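Structure file input_30.csv (CSV, C-alpha atoms) follows.
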```csv
chain,number,residue,atom,x,y,z
A,15,MET,CA,-16.8,-84.3,-3.8
A,16,GLY,CA,-19.1,-86.4,-6.0
A,17,LEU,CA,-18.6,-87.5,-9.6
A,18,GLY,CA,-16.9,-84.3,-10.6
A,19,SER,CA,-18.8,-81.5,-12.3
A,20,SER,CA,-21.6,-83.8,-13.3
A,21,CYS,CA,-22.8,-84.3,-9.7
A,22,PRO,CA,-24.6,-81.4,-8.1
A,23,LYS,CA,-23.9,-80.6,-4.4
A,24,PRO,CA,-26.4,-82.6,-2.3
A,25,PHE,CA,-28.9,-81.0,0.0
A,26,PRO,CA,-30.0,-82.5,3.3
A,27,GLY,CA,-32.6,-85.3,2.6
A,28,ASP,CA,-31.2,-86.1,-0.9
A,29,ILE,CA,-30.8,-89.8,-1.7
A,30,LEU,CA,-27.2,-90.6,-2.8
A,31,GLU,CA,-26.3,-93.6,-4.9
A,32,PHE,CA,-22.9,-95.0,-4.6
A,33,PRO,CA,-22.2,-97.4,-7.5
A,34,ARG,CA,-20.6,-100.7,-6.2
A,35,ASN,CA,-20.4,-102.9,-9.3
A,36,LYS,CA,-22.1,-103.4,-12.7
A,37,TYR,CA,-25.4,-104.5,-11.1
A,38,PHE,CA,-25.8,-103.0,-7.6
A,39,SER,CA,-25.3,-99.7,-5.8
A,40,HIS,CA,-25.4,-98.7,-2.1
A,41,PHE,CA,-27.7,-95.9,-1.1
A,42,GLY,CA,-27.9,-93.4,1.7
A,43,VAL,CA,-29.5,-90.1,2.6
A,44,TYR,CA,-27.4,-86.9,2.8
A,45,TYR,CA,-27.5,-85.7,6.4
A,46,GLY,CA,-25.7,-82.4,6.0
A,47,GLU,CA,-22.5,-81.2,7.6
A,48,ARG,CA,-21.0,-81.5,11.1
A,49,ASP,CA,-18.0,-79.4,11.7
A,50,GLY,CA,-17.6,-78.9,8.0
A,51,VAL,CA,-17.6,-82.6,7.2
A,52,PRO,CA,-20.5,-83.9,5.0
A,53,TYR,CA,-22.3,-87.0,6.4
A,54,VAL,CA,-24.6,-89.7,5.0
A,55,ALA,CA,-27.1,-91.9,6.9
A,56,HIS,CA,-27.2,-95.4,5.5
A,57,LEU,CA,-28.1,-99.0,6.3
A,58,THR,CA,-25.0,-101.1,6.8
A,59,CYS,CA,-23.8,-104.3,8.4
A,60,ARG,CA,-20.1,-103.2,7.8
A,61,ASP,CA,-19.1,-103.0,11.5
A,62,ALA,CA,-21.6,-105.4,13.0
A,63,GLU,CA,-20.1,-107.6,15.7
A,64,ASN,CA,-22.4,-110.5,14.9
A,65,LYS,CA,-23.4,-110.5,11.3
A,66,LEU,CA,-24.8,-113.5,9.4
A,67,LEU,CA,-25.2,-113.2,5.7
A,68,LEU,CA,-27.6,-116.0,4.9
A,69,PHE,CA,-29.6,-115.9,1.7
A,70,GLY,CA,-29.1,-112.2,1.3
A,71,ARG,CA,-29.9,-111.4,4.9
A,72,ALA,CA,-27.7,-109.9,7.7
A,73,LEU,CA,-29.4,-110.3,11.0
A,74,LYS,CA,-27.5,-107.5,12.7
A,75,SER,CA,-27.3,-104.3,10.6
A,76,GLU,CA,-27.9,-100.7,11.6
A,77,VAL,CA,-28.4,-97.3,10.3
A,78,LYS,CA,-25.1,-95.4,10.6
A,79,LEU,CA,-24.1,-91.8,10.1
A,80,ASP,CA,-20.7,-91.8,8.3
A,81,PRO,CA,-18.6,-89.1,6.6
A,82,LEU,CA,-19.6,-89.0,2.9
A,83,ASP,CA,-16.0,-89.9,1.8
A,84,LEU,CA,-16.0,-93.0,3.9
A,85,VAL,CA,-19.3,-94.2,2.3
A,86,GLY,CA,-17.9,-93.5,-1.2
A,87,LYS,CA,-16.0,-91.0,-3.2
A,88,LYS,CA,-18.2,-91.3,-6.3
A,89,TYR,CA,-21.9,-90.8,-6.0
A,90,LYS,CA,-25.0,-89.5,-7.8
A,91,VAL,CA,-28.0,-87.6,-6.3
A,92,ARG,CA,-30.9,-90.0,-7.0
A,93,ASN,CA,-34.2,-88.6,-5.8
A,94,MET,CA,-35.8,-91.1,-8.1
A,95,LEU,CA,-39.3,-91.0,-6.8
A,96,ASP,CA,-39.8,-87.2,-6.6
A,97,ASP,CA,-42.1,-87.2,-9.6
A,98,VAL,CA,-44.6,-89.7,-8.0
A,99,HIS,CA,-44.1,-89.3,-4.3
A,100,PRO,CA,-43.5,-85.9,-2.7
A,101,PRO,CA,-40.4,-85.9,-0.4
A,102,ARG,CA,-41.1,-85.5,3.3
A,103,ASP,CA,-39.8,-82.4,5.0
A,104,TYR,CA,-36.2,-83.0,6.0
A,105,TYR,CA,-36.1,-81.0,9.3
A,106,SER,CA,-39.4,-82.0,10.8
A,107,VAL,CA,-39.7,-85.7,9.5
A,108,VAL,CA,-36.6,-87.1,7.8
A,109,LYS,CA,-33.8,-86.0,10.2
A,110,PRO,CA,-35.7,-87.0,13.4
A,111,ALA,CA,-36.4,-90.4,11.7
A,112,ILE,CA,-32.7,-90.8,11.0
A,113,ASP,CA,-31.7,-89.7,14.5
A,114,ASP,CA,-34.2,-92.2,16.0
A,115,MET,CA,-32.9,-95.1,13.9
A,116,LEU,CA,-29.2,-94.5,14.6
A,117,GLY,CA,-27.6,-97.5,16.3
A,118,ARG,CA,-30.8,-99.6,16.3
A,119,ASP,CA,-30.5,-103.2,15.1
A,120,VAL,CA,-32.2,-103.7,11.7
A,121,THR,CA,-32.4,-106.9,9.7
A,122,PHE,CA,-30.8,-106.3,6.3
A,123,ASP,CA,-32.5,-108.2,3.5
A,124,ILE,CA,-31.3,-107.8,-0.1
A,125,LEU,CA,-34.8,-108.3,-1.5
A,126,PHE,CA,-37.0,-106.6,1.1
A,127,HIS,CA,-34.9,-104.2,3.2
A,128,ASN,CA,-31.7,-103.1,1.6
A,129,SER,CA,-30.0,-99.7,1.7
A,130,GLU,CA,-32.2,-98.4,-1.2
A,131,HIS,CA,-35.3,-99.4,0.7
A,132,GLN,CA,-34.1,-97.6,3.8
A,133,ALA,CA,-33.2,-94.5,1.9
A,134,THR,CA,-36.6,-94.3,0.2
A,135,LEU,CA,-38.3,-95.0,3.5
A,136,PHE,CA,-36.6,-92.0,5.0
A,137,ARG,CA,-37.2,-89.6,2.1
A,138,TYR,CA,-40.7,-90.7,1.0
A,139,GLY,CA,-42.1,-92.8,3.8
A,140,ILE,CA,-42.3,-95.8,1.5
A,141,LYS,CA,-39.8,-98.7,0.9
A,142,LYS,CA,-38.9,-99.1,-2.7
A,143,SER,CA,-35.8,-100.6,-4.5
A,144,ILE,CA,-35.7,-100.0,-8.2
A,145,GLN,CA,-32.5,-102.1,-8.6
A,146,ILE,CA,-34.3,-105.1,-7.0
A,147,GLU,CA,-37.4,-104.5,-9.2
A,148,LYS,CA,-35.1,-104.8,-12.2
A,149,VAL,CA,-33.9,-108.2,-10.9
A,150,TYR,CA,-37.5,-109.3,-10.4
A,151,VAL,CA,-38.3,-108.4,-14.1
A,152,ARG,CA,-35.6,-110.8,-15.2
A,153,ILE,CA,-36.1,-113.7,-12.8
A,154,VAL,CA,-39.8,-113.9,-12.3
A,155,PRO,CA,-40.6,-115.0,-15.9
A,156,THR,CA,-37.9,-117.7,-15.6
A,157,TRP,CA,-39.3,-118.9,-12.2
A,158,LYS,CA,-42.9,-118.9,-13.7
A,159,GLU,CA,-41.8,-121.0,-16.6
A,160,LEU,CA,-40.0,-123.5,-14.3
A,161,PHE,CA,-42.9,-123.6,-11.9
A,162,GLU,CA,-45.4,-124.3,-14.8
A,163,LYS,CA,-43.1,-127.1,-16.0
A,164,LYS,CA,-43.0,-128.4,-12.4
A,165,LYS,CA,-39.2,-128.0,-12.3
A,166,LEU,CA,-39.2,-125.6,-9.4
```
Written as structure tokens, that's how I'd like the structure from this file.
Amino acid sequence: MGLGSSCPKPFPGDILEFPRNKYFSHFGVYYGERDGVPYVAHLTCRDAENKLLLFGRALKSEVKLDPLDLVGKKYKVRNMLDDVHPPRDYYSVVKPAIDDMLGRDVTFDILFHNSEHQATLFRYGIKKSIQIEKVYVRIVPTWKELFEKKKL
């Protein structure tokens, strides 16, 4: 399980990062085991009957509980905000929040509500996407310059 010996065994409530390509990763929250199978709760539009990807949005997405190996064979534990935001208690807050969200329709938005936003919302109670913030750092100065030159 994981990225070999460099990846510690996750604990319920840990945020897991599944690298997808050079720029983006998929995120979920480790849910624990059911009948010896490790599970991850994550925001996905993978099996949605009616999904419409339009400008980075999928109008029908949902939080799903899937076996860890189905979500990805390689992952890292990424509790990236623990130093600035205390994680919420898994059993009294995070797990009930996950259970409540399972199967509900959620609008996926690459900029404002992606899998990383959902994972940090579960663990910390705040929506944050560090990978999108890195994109903003690169594109906002370009947009500002174009806007000032009245080309945008």
Proximity of stretch 122-163 of chain A to stretch 37-55 of chain A: per-residue shortest pair, 10 Å limit, all atoms listed in the file, as CSV:
```
residue,atom,partner,partner_atom,distance
A:Asn128,CA,A:His40,CA,8.5
A:Ser129,CA,A:Phe41,CA,5.3
A:Glu130,CA,A:Phe41,CA,5.1
A:His131,CA,A:Phe41,CA,8.6
A:Gln132,CA,A:Gly42,CA,7.8
A:Ala133,CA,A:Gly42,CA,5.4
A:Thr134,CA,A:Val43,CA,8.6
A:Phe136,CA,A:Val43,CA,7.7
A:Arg137,CA,A:Val43,CA,7.7
A:Ser143,CA,A:Phe41,CA,10.0
A:Gln145,CA,A:Phe38,CA,6.8
A:Ile146,CA,A:Phe38,CA,8.8
A:Lys148,CA,A:Tyr37,CA,9.8
A:Val149,CA,A:Tyr37,CA,9.3
```
When you draw a straight line from atom CA of A:Leu135 to atom CA of A:Asn93, how long is it in Å?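 Value for the atom CA of A:Leu135-atom CA of A:Asn93 distance: 12.0 Å.
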Counting only C-alpha atoms, the residue of A:Phe32, A:Phe25, A:Tyr150, A:Tyr138 that sits nearest A:Leu95: A:Tyr138
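In this structure, atom CA of A:Asp114 sits 20.9 Å away from atom CA of A:Phe126.
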Rounded to one decimal, what separation in Å do you get between atom CA of A:Val120 and atom CA of A:Tyr89?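 Pair atom CA of A:Val120 / atom CA of A:Tyr89 returns 24.2 Å.
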